[in-house]
$ cat data.tsv   # TSV, C-alpha atoms
chain	number	residue	atom	x	y	z
A	1	MET	CA	19.70	18.91	-18.75
A	2	SER	CA	21.05	16.07	-16.68
A	3	LEU	CA	19.93	15.74	-13.10
A	4	LEU	CA	23.41	14.70	-12.10
A	5	SER	CA	24.96	17.82	-13.59
A	6	ARG	CA	22.64	20.42	-12.09
A	7	SER	CA	24.35	23.23	-10.20
A	8	GLY	CA	23.68	24.37	-6.69
A	9	PRO	CA	23.62	22.54	-3.37
A	10	ALA	CA	21.34	19.58	-2.97
A	11	PRO	CA	18.45	20.06	-0.55
A	12	GLY	CA	19.16	16.77	1.16
A	13	PRO	CA	20.61	13.31	0.70
A	14	ALA	CA	19.39	11.61	-2.44
A	15	GLY	CA	17.11	8.64	-2.06
A	16	PRO	CA	17.29	5.49	-4.16
A	17	SER	CA	14.86	6.91	-6.72
A	18	GLY	CA	16.71	10.19	-7.17
A	19	GLY	CA	14.86	12.31	-4.60
A	20	ALA	CA	15.57	13.18	-1.02
A	21	ALA	CA	15.26	10.31	1.36
A	22	GLY	CA	13.51	11.96	4.28
A	23	PRO	CA	9.80	11.32	4.77
A	24	SER	CA	7.30	14.18	4.75
A	25	PRO	CA	4.59	14.32	7.44
A	26	ARG	CA	2.21	15.95	4.96
A	27	ALA	CA	2.73	13.51	2.10
A	28	HIS	CA	-0.72	12.01	2.63
A	29	ARG	CA	-2.23	15.24	1.30
A	30	LEU	CA	-1.15	14.16	-2.17
A	31	MET	CA	-4.02	11.67	-2.12
A	32	ALA	CA	-6.42	14.60	-2.56
A	33	LEU	CA	-4.64	15.83	-5.69
A	34	VAL	CA	-6.82	13.99	-8.23
A	35	PRO	CA	-10.20	14.53	-6.47
A	36	ARG	CA	-9.48	18.25	-6.09
A	37	THR	CA	-8.41	18.55	-9.71
A	38	GLU	CA	-11.55	16.77	-10.86
A	39	TRP	CA	-13.70	19.01	-8.68
A	40	ALA	CA	-12.00	22.10	-10.08
A	41	TYR	CA	-12.90	20.94	-13.60
A	42	ARG	CA	-16.45	19.69	-13.01
A	43	PRO	CA	-17.21	19.05	-16.69
A	44	ARG	CA	-14.72	16.16	-16.46
A	45	ILE	CA	-16.93	14.52	-13.84
A	46	VAL	CA	-19.98	14.87	-16.09
A	47	ALA	CA	-18.01	13.54	-19.07
A	48	THR	CA	-16.76	10.53	-17.10
A	49	ALA	CA	-20.27	9.72	-15.89
A	50	PHE	CA	-21.65	10.06	-19.42
A	51	VAL	CA	-19.04	7.71	-20.90
A	52	ILE	CA	-19.62	5.09	-18.20
A	53	VAL	CA	-23.41	5.24	-18.42
A	54	THR	CA	-23.35	5.05	-22.21
A	55	GLN	CA	-20.97	2.10	-22.22
A	56	VAL	CA	-23.02	0.24	-19.61
A	57	PHE	CA	-26.23	0.87	-21.56
A	58	LEU	CA	-24.68	-0.52	-24.75
A	59	TYR	CA	-23.32	-3.57	-22.96
A	60	VAL	CA	-26.71	-4.35	-21.47
A	61	LEU	CA	-28.34	-4.14	-24.90
A	62	LEU	CA	-25.57	-6.26	-26.43
A	63	TRP	CA	-25.66	-9.11	-23.93
A	64	ARG	CA	-29.44	-9.28	-23.80
A	65	ALA	CA	-29.57	-9.40	-27.59
A	66	LEU	CA	-26.89	-12.08	-27.81
A	67	TYR	CA	-28.50	-14.30	-25.21
A	68	ASP	CA	-31.97	-13.42	-26.59
A	69	GLY	CA	-33.84	-14.60	-23.54
A	70	SER	CA	-31.90	-17.85	-23.27
A	71	ALA	CA	-31.33	-19.08	-19.75
A	72	GLY	CA	-28.30	-21.11	-20.82
A	73	ALA	CA	-24.68	-20.27	-20.03
A	74	VAL	CA	-22.02	-19.31	-22.55
A	75	GLY	CA	-18.39	-19.52	-21.46
A	76	GLY	CA	-19.67	-20.40	-18.01
A	77	LEU	CA	-21.65	-17.16	-17.73
A	78	ASP	CA	-25.41	-16.72	-17.96
A	79	VAL	CA	-26.94	-13.45	-19.13
A	80	SER	CA	-27.12	-12.00	-15.60
A	81	GLN	CA	-23.46	-12.80	-14.94
A	82	ALA	CA	-22.41	-11.45	-18.35
A	83	VAL	CA	-24.19	-8.13	-17.73
A	84	THR	CA	-22.80	-7.92	-14.20
A	85	TYR	CA	-19.30	-8.70	-15.46
A	86	SER	CA	-19.43	-5.95	-18.11
A	87	VAL	CA	-20.91	-3.34	-15.78
A	88	LEU	CA	-18.26	-3.95	-13.13
A	89	ALA	CA	-15.49	-4.14	-15.73
A	90	THR	CA	-16.61	-0.78	-17.10
A	91	LEU	CA	-16.68	0.78	-13.65
A	92	MET	CA	-13.24	-0.62	-12.78
A	93	GLY	CA	-11.57	-0.06	-16.14
A	94	THR	CA	-13.09	2.75	-18.16
A	95	GLY	CA	-13.49	5.13	-15.26
A	96	ARG	CA	-9.93	4.49	-14.08
A	97	VAL	CA	-8.43	5.02	-17.52
A	98	ILE	CA	-10.36	8.27	-18.02
A	99	MET	CA	-9.22	9.60	-14.67
A	100	GLU	CA	-5.57	8.57	-14.98
A	101	GLY	CA	-3.42	11.63	-15.42
A	102	ALA	CA	-6.30	13.96	-14.55
A	103	SER	CA	-4.00	15.92	-12.27
A	104	GLN	CA	-1.46	16.36	-15.09
A	105	GLU	CA	1.19	15.23	-12.60
A	106	THR	CA	2.70	12.73	-15.02
A	107	ALA	CA	6.32	12.26	-16.02
A	108	GLN	CA	5.40	12.94	-19.63
A	109	SER	CA	3.84	16.36	-18.92
A	110	LYS	CA	6.56	17.33	-16.46
A	111	ILE	CA	9.40	16.41	-18.81
A	112	ARG	CA	7.86	18.48	-21.58
A	113	ASP	CA	7.74	21.66	-19.47
A	114	GLY	CA	10.93	21.00	-17.52
A	115	SER	CA	9.33	20.90	-14.07
A	116	VAL	CA	10.12	17.20	-13.61
A	117	VAL	CA	13.40	18.26	-12.01
A	118	PHE	CA	11.43	19.27	-8.91
A	119	TRP	CA	10.39	15.66	-8.44
A	120	PHE	CA	14.01	14.90	-7.60
A	121	VAL	CA	14.82	17.80	-5.27
A	122	ARG	CA	11.77	17.72	-2.99
A	123	PRO	CA	12.03	16.37	0.56
A	124	LEU	CA	9.78	13.53	-0.59
A	125	SER	CA	11.31	11.15	-3.13
A	126	ALA	CA	9.79	11.02	-6.61
A	127	ARG	CA	8.84	7.38	-6.14
A	128	ARG	CA	6.91	8.07	-2.95
A	129	TYR	CA	5.36	11.21	-4.42
A	130	CYS	CA	3.89	9.18	-7.28
A	131	ALA	CA	2.84	6.39	-4.91
A	132	TRP	CA	0.81	8.77	-2.73
A	133	ARG	CA	-0.74	10.37	-5.79
A	134	GLY	CA	-1.53	6.90	-7.19
A	135	LEU	CA	-3.18	5.90	-3.94
A	136	GLY	CA	-5.43	8.95	-4.23
A	137	GLU	CA	-6.34	7.95	-7.79
A	138	SER	CA	-7.22	4.44	-6.63
A	139	LEU	CA	-9.41	5.67	-3.77
A	140	TYR	CA	-11.16	8.13	-6.08
A	141	ALA	CA	-11.75	5.40	-8.67
A	142	THR	CA	-13.06	3.14	-5.89
A	143	ALA	CA	-15.56	5.83	-4.89
A	144	TRP	CA	-16.85	5.84	-8.47
A	145	LEU	CA	-17.03	2.05	-8.39
A	146	LEU	CA	-19.04	1.97	-5.17
A	147	VAL	CA	-21.50	4.57	-6.41
A	148	GLY	CA	-21.91	2.75	-9.73
A	149	LEU	CA	-22.26	-0.59	-7.96
A	150	ALA	CA	-24.98	0.77	-5.70
A	151	VAL	CA	-26.87	2.25	-8.66
A	152	GLY	CA	-26.41	-0.94	-10.68
A	153	VAL	CA	-27.75	-3.16	-7.90
A	154	ALA	CA	-30.69	-0.80	-7.30
A	155	CYS	CA	-31.54	-0.85	-11.03
A	156	GLY	CA	-31.24	-4.62	-11.26
A	157	LEU	CA	-28.32	-4.50	-13.68
A	158	VAL	CA	-25.76	-5.87	-11.24
A	159	ALA	CA	-26.45	-9.07	-9.36
A	160	PRO	CA	-25.16	-9.28	-5.78
A	161	PRO	CA	-22.25	-11.64	-5.09
A	162	PRO	CA	-23.33	-15.26	-4.57
A	163	SER	CA	-22.04	-15.35	-0.99
A	164	ALA	CA	-20.35	-13.35	1.73
A	165	ALA	CA	-17.15	-15.30	1.04
A	166	ALA	CA	-17.28	-14.26	-2.61
A	167	ALA	CA	-17.68	-10.62	-1.58
A	168	ALA	CA	-14.73	-10.87	0.82
A	169	VAL	CA	-12.31	-12.41	-1.68
A	170	THR	CA	-13.50	-9.90	-4.31
A	171	VAL	CA	-12.43	-7.03	-2.03
A	172	LEU	CA	-9.02	-8.65	-1.56
A	173	ALA	CA	-8.59	-9.28	-5.29
A	174	TYR	CA	-9.76	-5.74	-6.10
A	175	GLY	CA	-7.16	-4.23	-3.77
A	176	LEU	CA	-4.36	-6.25	-5.35
A	177	GLY	CA	-5.71	-5.39	-8.78
A	178	GLN	CA	-5.47	-1.69	-8.00
A	179	VAL	CA	-1.82	-2.12	-7.07
A	180	VAL	CA	-1.17	-3.83	-10.41
A	181	PHE	CA	-3.15	-1.10	-12.18
A	182	TYR	CA	-0.97	1.57	-10.60
A	183	GLN	CA	2.27	-0.24	-11.37
A	184	ILE	CA	1.37	-0.75	-15.03
A	185	GLY	CA	0.47	2.93	-15.41
A	186	LEU	CA	3.66	3.97	-13.63
A	187	LEU	CA	5.87	1.82	-15.86
A	188	VAL	CA	4.24	3.28	-18.96
A	189	ASP	CA	4.69	6.81	-17.64
A	190	LEU	CA	8.35	6.20	-16.75
A	191	THR	CA	9.13	5.35	-20.37
A	192	SER	CA	8.92	9.13	-20.96
A	193	PHE	CA	12.41	9.43	-19.46
A	194	TRP	CA	13.70	7.55	-22.50
A	195	THR	CA	11.19	8.50	-25.20
A	196	ILE	CA	10.41	12.11	-24.13
A	197	THR	CA	6.77	11.48	-25.01
A	198	SER	CA	4.92	8.29	-24.16
A	199	PHE	CA	1.87	8.84	-26.37
A	200	GLY	CA	2.62	5.78	-28.48
A	201	VAL	CA	3.36	3.57	-25.49
A	202	ASN	CA	0.23	4.88	-23.77
A	203	ARG	CA	-1.93	3.92	-26.73
A	204	LEU	CA	-0.49	0.41	-26.90
A	205	ALA	CA	-0.81	-0.05	-23.15
A	206	ALA	CA	-4.39	1.26	-23.13
A	207	PHE	CA	-5.36	-1.15	-25.92
A	208	ALA	CA	-3.71	-4.09	-24.17
A	209	GLN	CA	-5.34	-3.12	-20.87
A	210	LEU	CA	-8.78	-2.86	-22.45
A	211	LEU	CA	-8.55	-6.12	-24.38
A	212	LEU	CA	-6.58	-8.39	-22.07
A	213	SER	CA	-8.08	-7.32	-18.75
A	214	GLY	CA	-11.65	-8.25	-19.61
A	215	GLY	CA	-12.60	-4.60	-19.91
A	216	LEU	CA	-13.89	-5.06	-23.46
A	217	ILE	CA	-15.34	-8.57	-23.31
A	218	PRO	CA	-15.00	-11.23	-20.60
A	219	LEU	CA	-11.86	-13.30	-20.98
A	220	TRP	CA	-14.06	-16.38	-20.61
A	221	PHE	CA	-15.29	-15.75	-24.17
A	222	PHE	CA	-11.80	-15.74	-25.67
A	223	PRO	CA	-10.55	-18.68	-27.75
A	224	GLU	CA	-9.00	-21.24	-25.42
A	225	TRP	CA	-5.43	-20.64	-26.63
A	226	LEU	CA	-5.72	-16.86	-26.17
A	227	ARG	CA	-7.46	-17.11	-22.80
A	228	ALA	CA	-4.76	-19.49	-21.55
A	229	VAL	CA	-2.22	-16.72	-22.15
A	230	ALA	CA	-4.33	-13.69	-21.19
A	231	VAL	CA	-5.33	-14.95	-17.75
A	232	HIS	CA	-1.67	-15.08	-16.67
A	233	LEU	CA	-0.80	-11.55	-17.81
A	234	PRO	CA	-0.84	-8.64	-15.33
A	235	PHE	CA	-3.76	-7.00	-17.16
A	236	ALA	CA	-6.11	-9.82	-16.11
A	237	ALA	CA	-5.22	-9.17	-12.47
A	238	THR	CA	-6.74	-5.68	-12.64
A	239	ILE	CA	-10.28	-6.56	-13.73
A	240	ASP	CA	-10.90	-10.18	-14.72
A	241	VAL	CA	-9.88	-11.75	-11.43
A	242	PRO	CA	-11.96	-9.58	-9.05
A	243	VAL	CA	-14.99	-9.54	-11.38
A	244	SER	CA	-14.84	-13.31	-11.96
A	245	LEU	CA	-14.80	-13.82	-8.19
A	246	TYR	CA	-17.68	-11.40	-7.72
A	247	THR	CA	-19.90	-13.06	-10.32
A	248	GLY	CA	-19.13	-16.55	-9.03
A	249	ARG	CA	-17.52	-17.64	-12.30
A	250	VAL	CA	-14.53	-18.45	-10.12
A	251	PRO	CA	-15.80	-20.05	-6.87
A	252	ALA	CA	-14.69	-18.29	-3.70
A	253	ALA	CA	-13.15	-21.54	-2.44
A	254	GLU	CA	-10.77	-21.54	-5.42
A	255	PHE	CA	-9.48	-17.98	-5.06
A	256	TRP	CA	-5.97	-18.79	-3.79
A	257	PRO	CA	-4.20	-19.38	-7.14
A	258	TYR	CA	-5.68	-16.21	-8.62
A	259	VAL	CA	-4.84	-14.00	-5.65
A	260	ALA	CA	-1.36	-15.50	-5.38
A	261	GLU	CA	-0.70	-14.65	-9.03
A	262	GLN	CA	-1.95	-11.11	-8.43
A	263	ALA	CA	0.43	-10.76	-5.48
A	264	LEU	CA	3.29	-12.08	-7.60
A	265	TRP	CA	2.63	-9.48	-10.28
A	266	CYS	CA	2.53	-6.76	-7.61
A	267	VAL	CA	6.03	-7.75	-6.49
A	268	VAL	CA	7.46	-8.19	-10.01
A	269	LEU	CA	6.10	-4.88	-11.29
A	270	ALA	CA	7.18	-3.03	-8.13
A	271	LEU	CA	10.74	-4.31	-8.52
A	272	LEU	CA	10.75	-3.37	-12.19
A	273	SER	CA	9.48	0.14	-11.47
A	274	ARG	CA	12.12	0.57	-8.78
A	275	VAL	CA	14.84	-0.27	-11.29
A	276	MET	CA	13.34	2.17	-13.81
A	277	TRP	CA	13.20	4.92	-11.19
A	278	ARG	CA	16.91	4.47	-10.46
A	279	ARG	CA	17.86	4.62	-14.12
A	280	ALA	CA	15.52	7.55	-14.81
A	281	ALA	CA	17.19	9.61	-12.08
A	282	ARG	CA	20.56	9.08	-13.78
A	283	ARG	CA	19.54	10.22	-17.24
A	284	LEU	CA	16.90	12.90	-16.65
A	285	LEU	CA	16.40	15.02	-19.76
A	286	VAL	CA	13.94	17.94	-19.92
A	287	LEU	CA	12.81	20.11	-22.81
A	288	GLY	CA	11.61	23.22	-21.08
A	289	GLY	CA	14.13	24.21	-18.46
$ encode --input "data.tsv" --output "structure tokens"
Amino acid sequence: MSLLSRSGPAPGPAGPSGGAAGPSPRAHRLMALVPRTEWAYRPRIVATAFVIVTQVFLYVLLWRALYDGSAGAVGGLDVSQAVTYSVLATLMGTGRVIMEGASQETAQSKIRDGSVVFWFVRPLSARRYCAWRGLGESLYATAWLLVGLAVGVACGLVAPPPSAAAAAVTVLAYGLGQVVFYQIGLLVDLTSFWTITSFGVNRLAAFAQLLLSGGLIPLWFFPEWLRAVAVHLPFAATIDVPVSLYTGRVPAAEFWPYVAEQALWCVVLALLSRVMWRRAARRLLVLGG
């Protein structure tokens, strides 16, 4: 079924992304979609916590065994920084990946059952609908991060930032990283308009995100040639940059190039997603309706 060939009067003027252009005063309620879904399925919360705790526990054992009591630094990180890096990377990355799509409000699921057409006939455009939902995901993931950070600091697993300036620039870098995180996930999801199912693309993107963001091991431990490439990819902007600033591996006084590159990726990915939204609205194909 093509969106452009559907019968019946349109509910309003089409926006640039295929939906109606008028804003909705209740759009902010979409931010609660993911938290409410998670609360409705409480075992997911327990499962997420179990995965994060288990991964953190294994990372702590790994780094302490590798350093074996040595006070020296490897890749510019001592054992305390390495543990802190991995704990924060797990909280930022693993938890977010597990929770992505928790509401089942993804293009892939909607195309398969045919309900994606409603994204393009609502008063709120599809692009803004997903943006509000994505903001809710980010805030929910941030709540998990703050709780985990507080527990980690209390248990002595996470060292505090070296200075107030480091904490401030970490917050800025984290916010930009969340925008990049959302845009990457959105681009992957939008491929469903061309592939019907994005399982394969999702797997490749999840692997790239885990490896090249620092979510698996710090990018500082990569071979020099690989690190030189990885640090300039959008994946690094999601985890490596804010965590490196937090741990002091990147001094707070030198944050400008890193944050500027994050901002650049935010703009590039946003423009790319806008183009994909326009093209998706022109060739909508559903299987269930």
$ residues_near_point --input "data.tsv" --point "(-7.7, 9.9, 4.6)" --cutoff "10 Å" --atoms "all atoms listed in the file" --output "PyMOL selection string"
chain A and resi 28-29+31-32+136+139
$ closest_residue --input "data.tsv" --among "A:Val56, A:Ala49, A:Ala173, A:Val231" --to "A:Val147" --atoms "all atoms listed in the file"
A:Ala49
$ atom_distance --input "data.tsv" --atom1 "atom CA of A:Val201" --atom2 "atom CA of A:Ala107"
13.2 Å
$ atom_distance --input "data.tsv" --atom1 "atom CA of A:Ala252" --atom2 "atom CA of A:Arg64"
26.5 Å
$ closest_residue --input "data.tsv" --among "A:Pro161, A:Pro43, A:Gly185, A:Gly134" --to "A:Ala205" --atoms "only C-alpha atoms"
A:Gly185
$ decode --input "data.tsv" --residues "stretch 44-111 of chain A" --atoms "C-alpha atoms" --output "CSV table (one decimal), in the first residue's frame"
chain,number,residue,atom,x,y,z
A,44,ARG,CA,12.1,-6.2,31.8
A,45,ILE,CA,13.3,-3.9,34.5
A,46,VAL,CA,14.7,-6.8,36.6
A,47,ALA,CA,16.3,-8.3,33.4
A,48,THR,CA,17.9,-5.0,32.5
A,49,ALA,CA,19.3,-4.6,36.0
A,50,PHE,CA,20.6,-8.1,36.0
A,51,VAL,CA,22.4,-7.7,32.7
A,52,ILE,CA,24.0,-4.4,33.8
A,53,VAL,CA,25.1,-5.7,37.2
A,54,THR,CA,26.5,-8.9,35.7
A,55,GLN,CA,28.4,-7.0,33.0
A,56,VAL,CA,29.8,-4.6,35.6
A,57,PHE,CA,30.9,-7.4,37.9
A,58,LEU,CA,32.7,-9.2,35.1
A,59,TYR,CA,34.4,-6.0,33.9
A,60,VAL,CA,35.7,-5.3,37.5
A,61,LEU,CA,37.1,-8.8,37.7
A,62,LEU,CA,38.7,-8.4,34.3
A,63,TRP,CA,40.4,-5.1,34.8
A,64,ARG,CA,41.7,-6.0,38.3
A,65,ALA,CA,43.1,-9.2,37.0
A,66,LEU,CA,44.7,-7.6,34.0
A,67,TYR,CA,46.3,-4.8,36.0
A,68,ASP,CA,47.0,-7.3,38.8
A,69,GLY,CA,47.6,-4.7,41.5
A,70,SER,CA,49.9,-2.6,39.3
A,71,ALA,CA,49.6,1.1,39.8
A,72,GLY,CA,50.9,1.9,36.3
A,73,ALA,CA,48.8,3.2,33.4
A,74,VAL,CA,48.0,1.3,30.2
A,75,GLY,CA,46.7,3.4,27.3
A,76,GLY,CA,46.7,6.4,29.6
A,77,LEU,CA,44.3,4.7,32.1
A,78,ASP,CA,45.1,3.3,35.5
A,79,VAL,CA,43.1,0.5,37.0
A,80,SER,CA,40.6,2.9,38.7
A,81,GLN,CA,40.0,4.8,35.5
A,82,ALA,CA,39.6,1.6,33.5
A,83,VAL,CA,37.0,0.3,35.9
A,84,THR,CA,35.2,3.6,36.0
A,85,TYR,CA,35.3,3.8,32.2
A,86,SER,CA,33.8,0.3,31.8
A,87,VAL,CA,31.1,0.8,34.4
A,88,LEU,CA,29.9,4.1,32.9
A,89,ALA,CA,30.2,2.7,29.4
A,90,THR,CA,28.0,-0.2,30.4
A,91,LEU,CA,25.4,2.1,32.1
A,92,MET,CA,25.3,4.4,29.0
A,93,GLY,CA,25.5,1.7,26.3
A,94,THR,CA,24.1,-1.7,27.4
A,95,GLY,CA,21.1,-0.2,29.3
A,96,ARG,CA,20.2,2.0,26.4
A,97,VAL,CA,20.5,-0.8,23.8
A,98,ILE,CA,18.3,-3.1,25.9
A,99,MET,CA,15.7,-0.4,26.4
A,100,GLU,CA,15.6,0.7,22.7
A,101,GLY,CA,12.3,-0.4,21.1
A,102,ALA,CA,10.8,-1.4,24.5
A,103,SER,CA,7.6,0.4,23.5
A,104,GLN,CA,7.4,-1.5,20.3
A,105,GLU,CA,6.8,1.8,18.6
A,106,THR,CA,9.4,1.2,15.9
A,107,ALA,CA,9.0,1.5,12.1
A,108,GLN,CA,9.9,-2.2,11.7
A,109,SER,CA,7.1,-3.4,14.0
A,110,LYS,CA,4.6,-0.9,12.6
A,111,ILE,CA,5.4,-1.8,9.0
